[in-house]
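Structure file run34.pdb; described as PDB, C-alpha atoms.
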```pdb
ATOM      1  CA  MET K   5      -3.893  -6.761 -15.705
ATOM      2  CA  THR K   6      -1.675  -4.698 -13.414
ATOM      3  CA  HIS K   7       1.800  -6.025 -12.809
ATOM      4  CA  ALA K   8       2.906  -6.507  -9.213
ATOM      5  CA  ARG K   9       4.848  -3.570  -7.832
ATOM      6  CA  LEU K  10       7.580  -3.659  -5.257
ATOM      7  CA  VAL K  11       8.218  -0.764  -2.879
ATOM      8  CA  LEU K  12      11.665   0.700  -2.247
ATOM      9  CA  THR K  13      12.632   0.066   1.367
ATOM     10  CA  ASP K  14      14.723   3.211   1.797
ATOM     11  CA  SER K  15      15.949   5.720  -0.775
ATOM     12  CA  ASP K  16      19.071   6.416   1.335
ATOM     13  CA  VAL K  17      20.073   2.761   1.019
ATOM     14  CA  LEU K  18      19.702   2.977  -2.761
ATOM     15  CA  ARG K  19      21.809   6.164  -2.798
ATOM     16  CA  GLY K  20      24.467   4.455  -0.689
ATOM     17  CA  LEU K  21      24.568   1.472  -3.014
ATOM     18  CA  MET K  22      24.890   3.809  -5.978
ATOM     19  CA  THR K  23      27.874   5.465  -4.254
ATOM     20  CA  TRP K  24      29.548   2.107  -3.575
ATOM     21  CA  ALA K  25      28.607   0.366  -6.820
ATOM     22  CA  PRO K  26      30.324  -2.827  -8.016
ATOM     23  CA  GLY K  27      33.797  -2.177  -9.350
ATOM     24  CA  GLY K  28      34.525   0.513  -6.747
ATOM     25  CA  SER K  29      33.107   3.459  -8.676
ATOM     26  CA  SER K  30      29.911   5.368  -8.038
ATOM     27  CA  VAL K  31      26.911   5.181 -10.343
ATOM     28  CA  ASP K  32      24.875   8.316 -10.984
ATOM     29  CA  ILE K  33      21.202   8.420 -11.915
ATOM     30  CA  ARG K  34      21.938   8.451 -15.653
ATOM     31  CA  LYS K  35      24.264   5.407 -15.498
ATOM     32  CA  LEU K  36      21.820   3.429 -13.379
ATOM     33  CA  ALA K  37      18.917   4.334 -15.661
ATOM     34  CA  ASP K  38      20.918   3.232 -18.709
ATOM     35  CA  ALA K  39      21.922  -0.042 -17.029
ATOM     36  CA  VAL K  40      18.329  -0.769 -16.005
ATOM     37  CA  GLY K  41      16.737   0.389 -19.266
ATOM     38  CA  VAL K  42      14.445   3.054 -17.821
ATOM     39  CA  SER K  43      14.408   6.843 -17.960
ATOM     40  CA  LYS K  44      16.515   8.823 -15.531
ATOM     41  CA  SER K  45      13.332  10.569 -14.353
ATOM     42  CA  LYS K  46      12.004   7.182 -13.218
ATOM     43  CA  ILE K  47      15.148   6.590 -11.124
ATOM     44  CA  GLY K  48      14.940  10.182  -9.849
ATOM     45  CA  ALA K  49      11.301   9.680  -8.806
ATOM     46  CA  LEU K  50      12.279   6.489  -7.018
ATOM     47  CA  LEU K  51      15.073   8.279  -5.130
ATOM     48  CA  SER K  52      12.910  11.277  -4.223
ATOM     49  CA  GLY K  53      10.000   9.158  -3.004
ATOM     50  CA  GLU K  54       7.699  10.706  -5.595
ATOM     51  CA  ARG K  55       7.138   7.225  -7.022
ATOM     52  CA  PRO K  56       8.448   4.714  -4.443
ATOM     53  CA  SER K  57       7.480   1.539  -6.296
ATOM     54  CA  VAL K  58       8.568  -0.285  -9.445
ATOM     55  CA  THR K  59       7.615  -3.455 -11.257
ATOM     56  CA  GLU K  60       9.324  -6.691 -10.261
ATOM     57  CA  ASP K  61      11.271  -6.674 -13.518
ATOM     58  CA  VAL K  62      12.666  -3.171 -12.944
ATOM     59  CA  ALA K  63      13.477  -4.015  -9.319
ATOM     60  CA  ASP K  64      15.396  -7.093 -10.469
ATOM     61  CA  ARG K  65      17.354  -5.077 -13.036
ATOM     62  CA  ILE K  66      18.241  -2.385 -10.466
ATOM     63  CA  CYS K  67      19.466  -5.028  -8.046
ATOM     64  CA  GLU K  68      21.442  -6.762 -10.775
ATOM     65  CA  ALA K  69      23.115  -3.483 -11.761
ATOM     66  CA  LEU K  70      24.051  -2.814  -8.116
ATOM     67  CA  ASP K  71      24.878  -6.464  -7.364
ATOM     68  CA  VAL K  72      22.519  -6.814  -4.381
ATOM     69  CA  ARG K  73      19.660  -9.118  -3.482
ATOM     70  CA  ARG K  74      16.186  -7.826  -4.255
ATOM     71  CA  ASP K  75      15.039  -7.994  -0.635
ATOM     72  CA  ALA K  76      17.909  -5.674   0.332
ATOM     73  CA  LEU K  77      16.180  -2.834  -1.545
ATOM     74  CA  PHE K  78      12.552  -3.723  -2.184
ATOM     75  CA  TYR K  79       9.625  -5.331  -0.410
ATOM     76  CA  ASP K  80       6.297  -6.668  -1.559
ATOM     77  CA  PRO K  81       3.537  -4.733   0.244
ATOM     78  CA  LEU K  82       0.812  -6.702   1.968
ATOM     79  CA  PRO K  83      -2.548  -6.639   0.235
ATOM     80  CA  THR K  84      -4.993  -4.111   1.657
ATOM     81  CA  PRO K  85      -8.106  -5.681   3.203
ATOM     82  CA  MET K  86     -11.333  -4.716   1.494
ATOM     83  CA  GLY K  87     -12.709  -1.424   2.739
ATOM     84  CA  VAL K  88      -9.526  -0.246   4.437
ATOM     85  CA  GLY K  89      -8.660   3.225   3.300
ATOM     86  CA  SER K  90     -11.918   3.703   1.442
ATOM     87  CA  HIS K  91     -13.689   6.945   2.103
ATOM     88  CA  ARG K  92     -17.330   7.137   3.028
ATOM     89  CA  GLN K  93     -19.421   9.575   1.033
ATOM     90  CA  GLU K  94     -21.146  12.353   2.938
ATOM     91  CA  GLY K  95     -24.689  11.456   3.926
ATOM     92  CA  ALA K  96     -24.230   7.742   3.231
ATOM     93  CA  GLU K  97     -25.668   5.548   5.951
ATOM     94  CA  ARG K  98     -23.888   2.546   7.314
ATOM     95  CA  GLU K  99     -25.780  -0.625   8.137
ATOM     96  CA  HIS K 100     -24.064  -0.924  11.515
ATOM     97  CA  GLU K 101     -25.118   2.560  12.574
ATOM     98  CA  ARG K 102     -28.725   1.718  11.817
ATOM     99  CA  ALA K 103     -28.432  -1.589  13.671
ATOM    100  CA  VAL K 104     -27.394   0.102  16.903
ATOM    101  CA  ALA K 105     -29.859   2.983  16.640
ATOM    102  CA  THR K 106     -31.587   3.830  19.905
ATOM    103  CA  ASP K 107     -34.763   1.790  19.402
ATOM    104  CA  GLU K 108     -36.634   0.080  22.171
ATOM    105  CA  VAL K 109     -36.370  -3.273  20.387
ATOM    106  CA  ARG K 110     -32.763  -4.392  20.016
ATOM    107  CA  GLY K 111     -31.352  -7.129  17.788
ATOM    108  CA  SER K 112     -29.762 -10.256  19.255
ATOM    109  CA  HIS K 113     -26.403  -9.192  17.798
ATOM    110  CA  GLU K 114     -26.412  -6.310  20.288
ATOM    111  CA  LEU K 115     -26.912  -8.476  23.362
ATOM    112  CA  GLY K 116     -25.155  -6.908  26.320
ATOM    113  CA  GLU K 117     -24.357  -3.671  24.508
ATOM    114  CA  HIS K 118     -27.499  -1.734  25.463
ATOM    115  CA  ASP K 119     -30.269  -1.866  28.016
ATOM    116  CA  GLY K 120     -33.604  -2.997  26.659
ATOM    117  CA  PRO K 121     -35.347  -6.106  25.356
ATOM    118  CA  VAL K 122     -33.617  -8.362  22.848
ATOM    119  CA  GLY K 123     -35.353  -9.343  19.618
ATOM    120  CA  PRO K 124     -34.510 -10.413  16.069
ATOM    121  CA  TYR K 125     -32.895  -7.863  13.791
ATOM    122  CA  ARG K 126     -35.420  -6.211  11.510
ATOM    123  CA  ARG K 127     -34.380  -4.142   8.561
ATOM    124  CA  ARG K 128     -36.199  -0.852   8.353
ATOM    125  CA  ALA K 129     -37.916   0.248   5.178
TER     126      ALA K 129
END
```
Using the file provided, produce a representation of the structure as C-alpha coordinates.
Amino acid sequence: MTHARLVLTDSDVLRGLMTWAPGGSSVDIRKLADAVGVSKSKIGALLSGERPSVTEDVADRICEALDVRRDALFYDPLPTPMGVGSHRQEGAEREHERAVATDEVRGSHELGEHDGPVGPYRRRA
(Lines of atoms letter the chains of each structure in order from A and count residues from 1; the text may use other names and numbers.)
(Lines give C-alpha, C1' and ligand atoms only; values in the text may rest on other atoms or scores of the structure.)
Protein backbone atom coordinates (compact mmCIF):
# COMPACT_ATOMS: atom_id res chain seq x y z
CA MET A 1 0.00 0.00 0.00
CA THR A 2 1.31 3.44 -0.94
CA HIS A 3 1.31 6.04 1.79
CA ALA A 4 -0.43 9.33 1.09
CA ARG A 5 1.91 12.04 -0.14
CA LEU A 6 1.61 15.74 0.43
CA VAL A 7 2.92 18.29 -2.06
CA LEU A 8 5.06 21.26 -1.07
CA THR A 9 3.14 24.46 -1.78
CA ASP A 10 6.18 26.60 -2.58
CA SER A 11 9.88 25.89 -2.13
CA ASP A 12 10.56 29.62 -1.58
CA VAL A 13 8.26 29.57 1.45
CA LEU A 14 10.17 26.60 2.86
CA ARG A 15 13.47 28.42 2.26
CA GLY A 16 12.11 31.51 4.00
CA LEU A 17 10.99 29.49 6.99
CA MET A 18 14.40 27.86 7.16
CA THR A 19 15.98 31.34 7.22
CA TRP A 20 13.67 32.51 10.02
CA ALA A 21 13.57 29.28 12.02
CA PRO A 22 12.33 29.14 15.63
CA GLY A 23 14.83 30.59 18.06
CA GLY A 24 15.91 33.34 15.64
CA SER A 25 18.62 31.37 13.85
CA SER A 26 18.56 29.95 10.35
CA VAL A 27 18.42 26.23 9.65
CA ASP A 28 20.40 24.81 6.74
CA ILE A 29 19.53 21.68 4.79
CA ARG A 30 21.70 19.46 7.00
CA LYS A 31 20.15 20.73 10.27
CA LEU A 32 16.62 20.36 8.94
CA ALA A 33 17.35 16.87 7.62
CA ASP A 34 18.77 15.85 11.00
CA ALA A 35 15.77 17.30 12.85
CA VAL A 36 13.32 15.53 10.54
CA GLY A 37 15.24 12.25 10.36
CA VAL A 38 15.71 12.11 6.59
CA SER A 39 18.72 12.50 4.31
CA LYS A 40 19.85 15.95 3.28
CA SER A 41 19.41 14.90 -0.36
CA LYS A 42 15.70 14.38 0.34
CA ILE A 43 15.40 17.94 1.71
CA GLY A 44 17.48 19.21 -1.23
CA ALA A 45 15.18 17.45 -3.72
CA LEU A 46 12.18 18.98 -1.98
CA LEU A 47 13.70 22.48 -2.20
CA SER A 48 14.75 22.09 -5.84
CA GLY A 49 11.38 20.73 -6.96
CA GLU A 50 13.00 17.51 -8.14
CA ARG A 51 10.78 15.62 -5.69
CA PRO A 52 8.05 18.04 -4.54
CA SER A 53 6.13 15.61 -2.33
CA VAL A 54 6.69 13.81 0.97
CA THR A 55 4.76 11.42 3.16
CA GLU A 56 2.40 12.86 5.76
CA ASP A 57 4.78 11.80 8.52
CA VAL A 58 7.76 13.63 6.98
CA ALA A 59 5.61 16.70 6.30
CA ASP A 60 4.52 16.74 9.95
CA ARG A 61 8.12 16.46 11.16
CA ILE A 62 9.27 19.29 8.86
CA CYS A 63 6.48 21.52 10.12
CA GLU A 64 7.24 20.63 13.72
CA ALA A 65 10.93 21.48 13.23
CA LEU A 66 9.99 24.85 11.70
CA ASP A 67 7.09 25.46 14.10
CA VAL A 68 4.43 26.00 11.42
CA ARG A 69 1.10 24.42 10.60
CA ARG A 70 1.16 21.69 7.97
CA ASP A 71 -1.21 23.53 5.64
CA ALA A 72 1.21 26.48 5.57
CA LEU A 73 3.69 24.33 3.62
CA PHE A 74 1.93 21.31 2.17
CA TYR A 75 -1.33 20.41 0.47
CA ASP A 76 -3.07 17.16 -0.28
CA PRO A 77 -3.52 16.88 -4.06
CA LEU A 78 -6.95 16.03 -5.39
CA PRO A 79 -7.33 12.52 -6.74
CA THR A 80 -7.00 12.25 -10.51
CA PRO A 81 -10.19 11.07 -12.25
CA MET A 82 -9.82 7.79 -14.08
CA GLY A 83 -8.40 8.21 -17.56
CA VAL A 84 -7.11 11.75 -17.07
CA GLY A 85 -3.52 11.97 -18.11
CA SER A 86 -3.47 8.49 -19.59
CA HIS A 87 -1.95 8.22 -23.01
CA ARG A 88 -3.65 6.47 -25.87
CA GLN A 89 -1.56 3.94 -27.75
CA GLU A 90 -1.01 4.54 -31.45
CA GLY A 91 -3.56 2.75 -33.61
CA ALA A 92 -5.93 2.06 -30.71
CA GLU A 93 -9.54 2.77 -31.56
CA ARG A 94 -11.87 4.56 -29.23
CA GLU A 95 -15.47 3.46 -28.87
CA HIS A 96 -16.73 7.03 -29.20
CA GLU A 97 -14.95 7.56 -32.50
CA ARG A 98 -16.61 4.47 -33.91
CA ALA A 99 -19.99 5.57 -32.57
CA VAL A 100 -19.89 8.85 -34.48
CA ALA A 101 -18.46 7.39 -37.68
CA THR A 102 -20.09 8.72 -40.84
CA ASP A 103 -22.64 5.94 -41.36
CA GLU A 104 -26.07 6.47 -42.80
CA VAL A 105 -27.69 4.89 -39.74
CA ARG A 106 -26.99 6.90 -36.59
CA GLY A 107 -27.47 5.86 -32.97
CA SER A 108 -30.03 7.57 -30.73
CA HIS A 109 -27.19 8.91 -28.57
CA GLU A 110 -26.19 11.11 -31.52
CA LEU A 111 -29.60 12.72 -31.96
CA GLY A 112 -29.18 16.26 -33.20
CA GLU A 113 -25.45 15.92 -33.83
CA HIS A 114 -25.62 14.76 -37.46
CA ASP A 115 -28.05 14.74 -40.34
CA GLY A 116 -29.54 11.36 -41.11
CA PRO A 117 -31.97 8.82 -39.70
CA VAL A 118 -31.82 7.85 -36.03
CA GLY A 119 -31.64 4.20 -35.01
CA PRO A 120 -30.38 2.04 -32.14
CA TYR A 121 -26.65 1.81 -31.61
CA ARG A 122 -25.19 -1.32 -33.14
CA ARG A 123 -21.71 -2.49 -32.36
CA ARG A 124 -19.75 -3.42 -35.44
CA ALA A 125 -17.97 -6.74 -35.70
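If you measure from each of K:Ile66, K:Ala37, K:Leu82, K:Leu50 to Asp14 (chain K) using only C-alpha atoms, the closest one turns out to be K:Leu50.
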Would you kindly translate the PyMOL selection byres ((chain K and resi 51) around 9) into the concrete residues it picks from this file, as a PyMOL selection string? chain K and resi 12+14-16+18-19+46-50+52-56
I'd like the interatomic distance between CA of Val72 (chain K) and CA of Arg34 (chain K), to a tenth of an Å.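 For CA of Val72 (chain K) relative to CA of Arg34 (chain K), the distance reads 19.0 Å.
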Contacts of Pro26 (chain K) at 9 Å or less, counting only C-alpha atoms, minus same-chain residues fewer than 6 places along, as a list in words?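 Answer for this query is Ala69, Leu70 and Asp71 of chain K.
Interatomic distance, CA of Leu36 (chain K) against CA of Glu68 (chain K): 10.5 Å.
Computed from the coordinates, the CA of Arg74 (chain K) to CA of Gly28 (chain K) distance equals 20.3 Å.
What the PyMOL selection byres ((chain K and resi 11) around 7) grabs from this file is Arg9, Leu10, Leu12, Thr13, Pro56, Ser57, Val58, Phe78, Tyr79, Asp80 and Pro81 of chain K.
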Skipping near chain neighbours, those fewer than 5 positions away, what residues fall within 9 Å of Val62 (chain K) using only C-alpha atoms, listed as a ChimeraX atom specification? /K:40-42,67
Check the smallest atom-to-atom distance from each of K:Arg73, K:Glu60, K:Ser45, K:Lys35 to Met22 (chain K) using all atoms listed in the file, then report the winner. K:Lys35
Residue rebuild result region 9-34 of chain K, N, CA and C atoms as a PDB file, in the frame of the given file:
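out_36.pdb written:
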```pdb
ATOM      1  N   ARG K   9       3.865  -4.619  -8.069  1.00  0.00           N
ATOM      2  CA  ARG K   9       4.848  -3.570  -7.832  1.00  0.00           C
ATOM      3  C   ARG K   9       5.524  -3.827  -6.496  1.00  0.00           C
ATOM      4  N   LEU K  10       6.800  -3.546  -6.475  1.00  0.00           N
ATOM      5  CA  LEU K  10       7.580  -3.659  -5.257  1.00  0.00           C
ATOM      6  C   LEU K  10       7.927  -2.255  -4.780  1.00  0.00           C
ATOM      7  N   VAL K  11       7.973  -2.074  -3.471  1.00  0.00           N
ATOM      8  CA  VAL K  11       8.218  -0.764  -2.879  1.00  0.00           C
ATOM      9  C   VAL K  11       9.671  -0.679  -2.422  1.00  0.00           C
ATOM     10  N   LEU K  12      10.296   0.458  -2.686  1.00  0.00           N
ATOM     11  CA  LEU K  12      11.665   0.700  -2.247  1.00  0.00           C
ATOM     12  C   LEU K  12      11.681   0.820  -0.732  1.00  0.00           C
ATOM     13  N   THR K  13      12.550   0.055  -0.089  1.00  0.00           N
ATOM     14  CA  THR K  13      12.632   0.066   1.367  1.00  0.00           C
ATOM     15  C   THR K  13      13.095   1.417   1.882  1.00  0.00           C
ATOM     16  N   ASP K  14      14.168   1.947   1.318  1.00  0.00           N
ATOM     17  CA  ASP K  14      14.723   3.211   1.797  1.00  0.00           C
ATOM     18  C   ASP K  14      15.553   3.838   0.676  1.00  0.00           C
ATOM     19  N   SER K  15      15.220   5.062   0.314  1.00  0.00           N
ATOM     20  CA  SER K  15      15.949   5.720  -0.775  1.00  0.00           C
ATOM     21  C   SER K  15      17.399   6.003  -0.394  1.00  0.00           C
ATOM     22  N   ASP K  16      17.682   6.193   0.900  1.00  0.00           N
ATOM     23  CA  ASP K  16      19.071   6.416   1.335  1.00  0.00           C
ATOM     24  C   ASP K  16      19.938   5.176   1.113  1.00  0.00           C
ATOM     25  N   VAL K  17      19.341   4.009   1.272  1.00  0.00           N
ATOM     26  CA  VAL K  17      20.073   2.761   1.019  1.00  0.00           C
ATOM     27  C   VAL K  17      20.418   2.663  -0.460  1.00  0.00           C
ATOM     28  N   LEU K  18      19.444   3.000  -1.320  1.00  0.00           N
ATOM     29  CA  LEU K  18      19.702   2.977  -2.761  1.00  0.00           C
ATOM     30  C   LEU K  18      20.807   3.972  -3.122  1.00  0.00           C
ATOM     31  N   ARG K  19      20.751   5.178  -2.542  1.00  0.00           N
ATOM     32  CA  ARG K  19      21.809   6.164  -2.798  1.00  0.00           C
ATOM     33  C   ARG K  19      23.172   5.644  -2.355  1.00  0.00           C
ATOM     34  N   GLY K  20      23.211   5.014  -1.187  1.00  0.00           N
ATOM     35  CA  GLY K  20      24.467   4.455  -0.689  1.00  0.00           C
ATOM     36  C   GLY K  20      25.015   3.382  -1.606  1.00  0.00           C
ATOM     37  N   LEU K  21      24.135   2.523  -2.099  1.00  0.00           N
ATOM     38  CA  LEU K  21      24.568   1.472  -3.014  1.00  0.00           C
ATOM     39  C   LEU K  21      25.038   2.052  -4.343  1.00  0.00           C
ATOM     40  N   MET K  22      24.443   3.157  -4.752  1.00  0.00           N
ATOM     41  CA  MET K  22      24.890   3.809  -5.978  1.00  0.00           C
ATOM     42  C   MET K  22      26.276   4.422  -5.776  1.00  0.00           C
ATOM     43  N   THR K  23      26.556   4.892  -4.568  1.00  0.00           N
ATOM     44  CA  THR K  23      27.874   5.465  -4.254  1.00  0.00           C
ATOM     45  C   THR K  23      28.946   4.388  -4.230  1.00  0.00           C
ATOM     46  N   TRP K  24      28.595   3.226  -3.688  1.00  0.00           N
ATOM     47  CA  TRP K  24      29.548   2.107  -3.575  1.00  0.00           C
ATOM     48  C   TRP K  24      29.146   0.997  -4.531  1.00  0.00           C
ATOM     49  N   ALA K  25      29.032   1.321  -5.789  1.00  0.00           N
ATOM     50  CA  ALA K  25      28.607   0.366  -6.820  1.00  0.00           C
ATOM     51  C   ALA K  25      29.695  -0.680  -7.063  1.00  0.00           C
ATOM     52  N   PRO K  26      29.329  -1.797  -7.689  1.00  0.00           N
ATOM     53  CA  PRO K  26      30.324  -2.827  -8.016  1.00  0.00           C
ATOM     54  C   PRO K  26      31.449  -2.241  -8.865  1.00  0.00           C
ATOM     55  N   GLY K  27      32.649  -2.679  -8.611  1.00  0.00           N
ATOM     56  CA  GLY K  27      33.797  -2.177  -9.350  1.00  0.00           C
ATOM     57  C   GLY K  27      34.466  -0.995  -8.665  1.00  0.00           C
ATOM     58  N   GLY K  28      33.905  -0.547  -7.523  1.00  0.00           N
ATOM     59  CA  GLY K  28      34.525   0.513  -6.747  1.00  0.00           C
ATOM     60  C   GLY K  28      34.231   1.923  -7.197  1.00  0.00           C
ATOM     61  N   SER K  29      33.431   2.101  -8.233  1.00  0.00           N
ATOM     62  CA  SER K  29      33.107   3.459  -8.676  1.00  0.00           C
ATOM     63  C   SER K  29      31.637   3.751  -8.398  1.00  0.00           C
ATOM     64  N   SER K  30      31.300   5.019  -8.291  1.00  0.00           N
ATOM     65  CA  SER K  30      29.911   5.368  -8.038  1.00  0.00           C
ATOM     66  C   SER K  30      29.115   5.361  -9.350  1.00  0.00           C
ATOM     67  N   VAL K  31      27.831   5.199  -9.209  1.00  0.00           N
ATOM     68  CA  VAL K  31      26.911   5.181 -10.343  1.00  0.00           C
ATOM     69  C   VAL K  31      25.942   6.344 -10.144  1.00  0.00           C
ATOM     70  N   ASP K  32      25.842   7.231 -11.108  1.00  0.00           N
ATOM     71  CA  ASP K  32      24.875   8.316 -10.984  1.00  0.00           C
ATOM     72  C   ASP K  32      23.528   7.869 -11.552  1.00  0.00           C
ATOM     73  N   ILE K  33      22.563   8.751 -11.465  1.00  0.00           N
ATOM     74  CA  ILE K  33      21.202   8.420 -11.915  1.00  0.00           C
ATOM     75  C   ILE K  33      21.190   8.015 -13.387  1.00  0.00           C
ATOM     76  N   ARG K  34      21.917   8.741 -14.223  1.00  0.00           N
ATOM     77  CA  ARG K  34      21.938   8.451 -15.653  1.00  0.00           C
ATOM     78  C   ARG K  34      22.514   7.063 -15.932  1.00  0.00           C
TER      79      ARG K  34
END
```
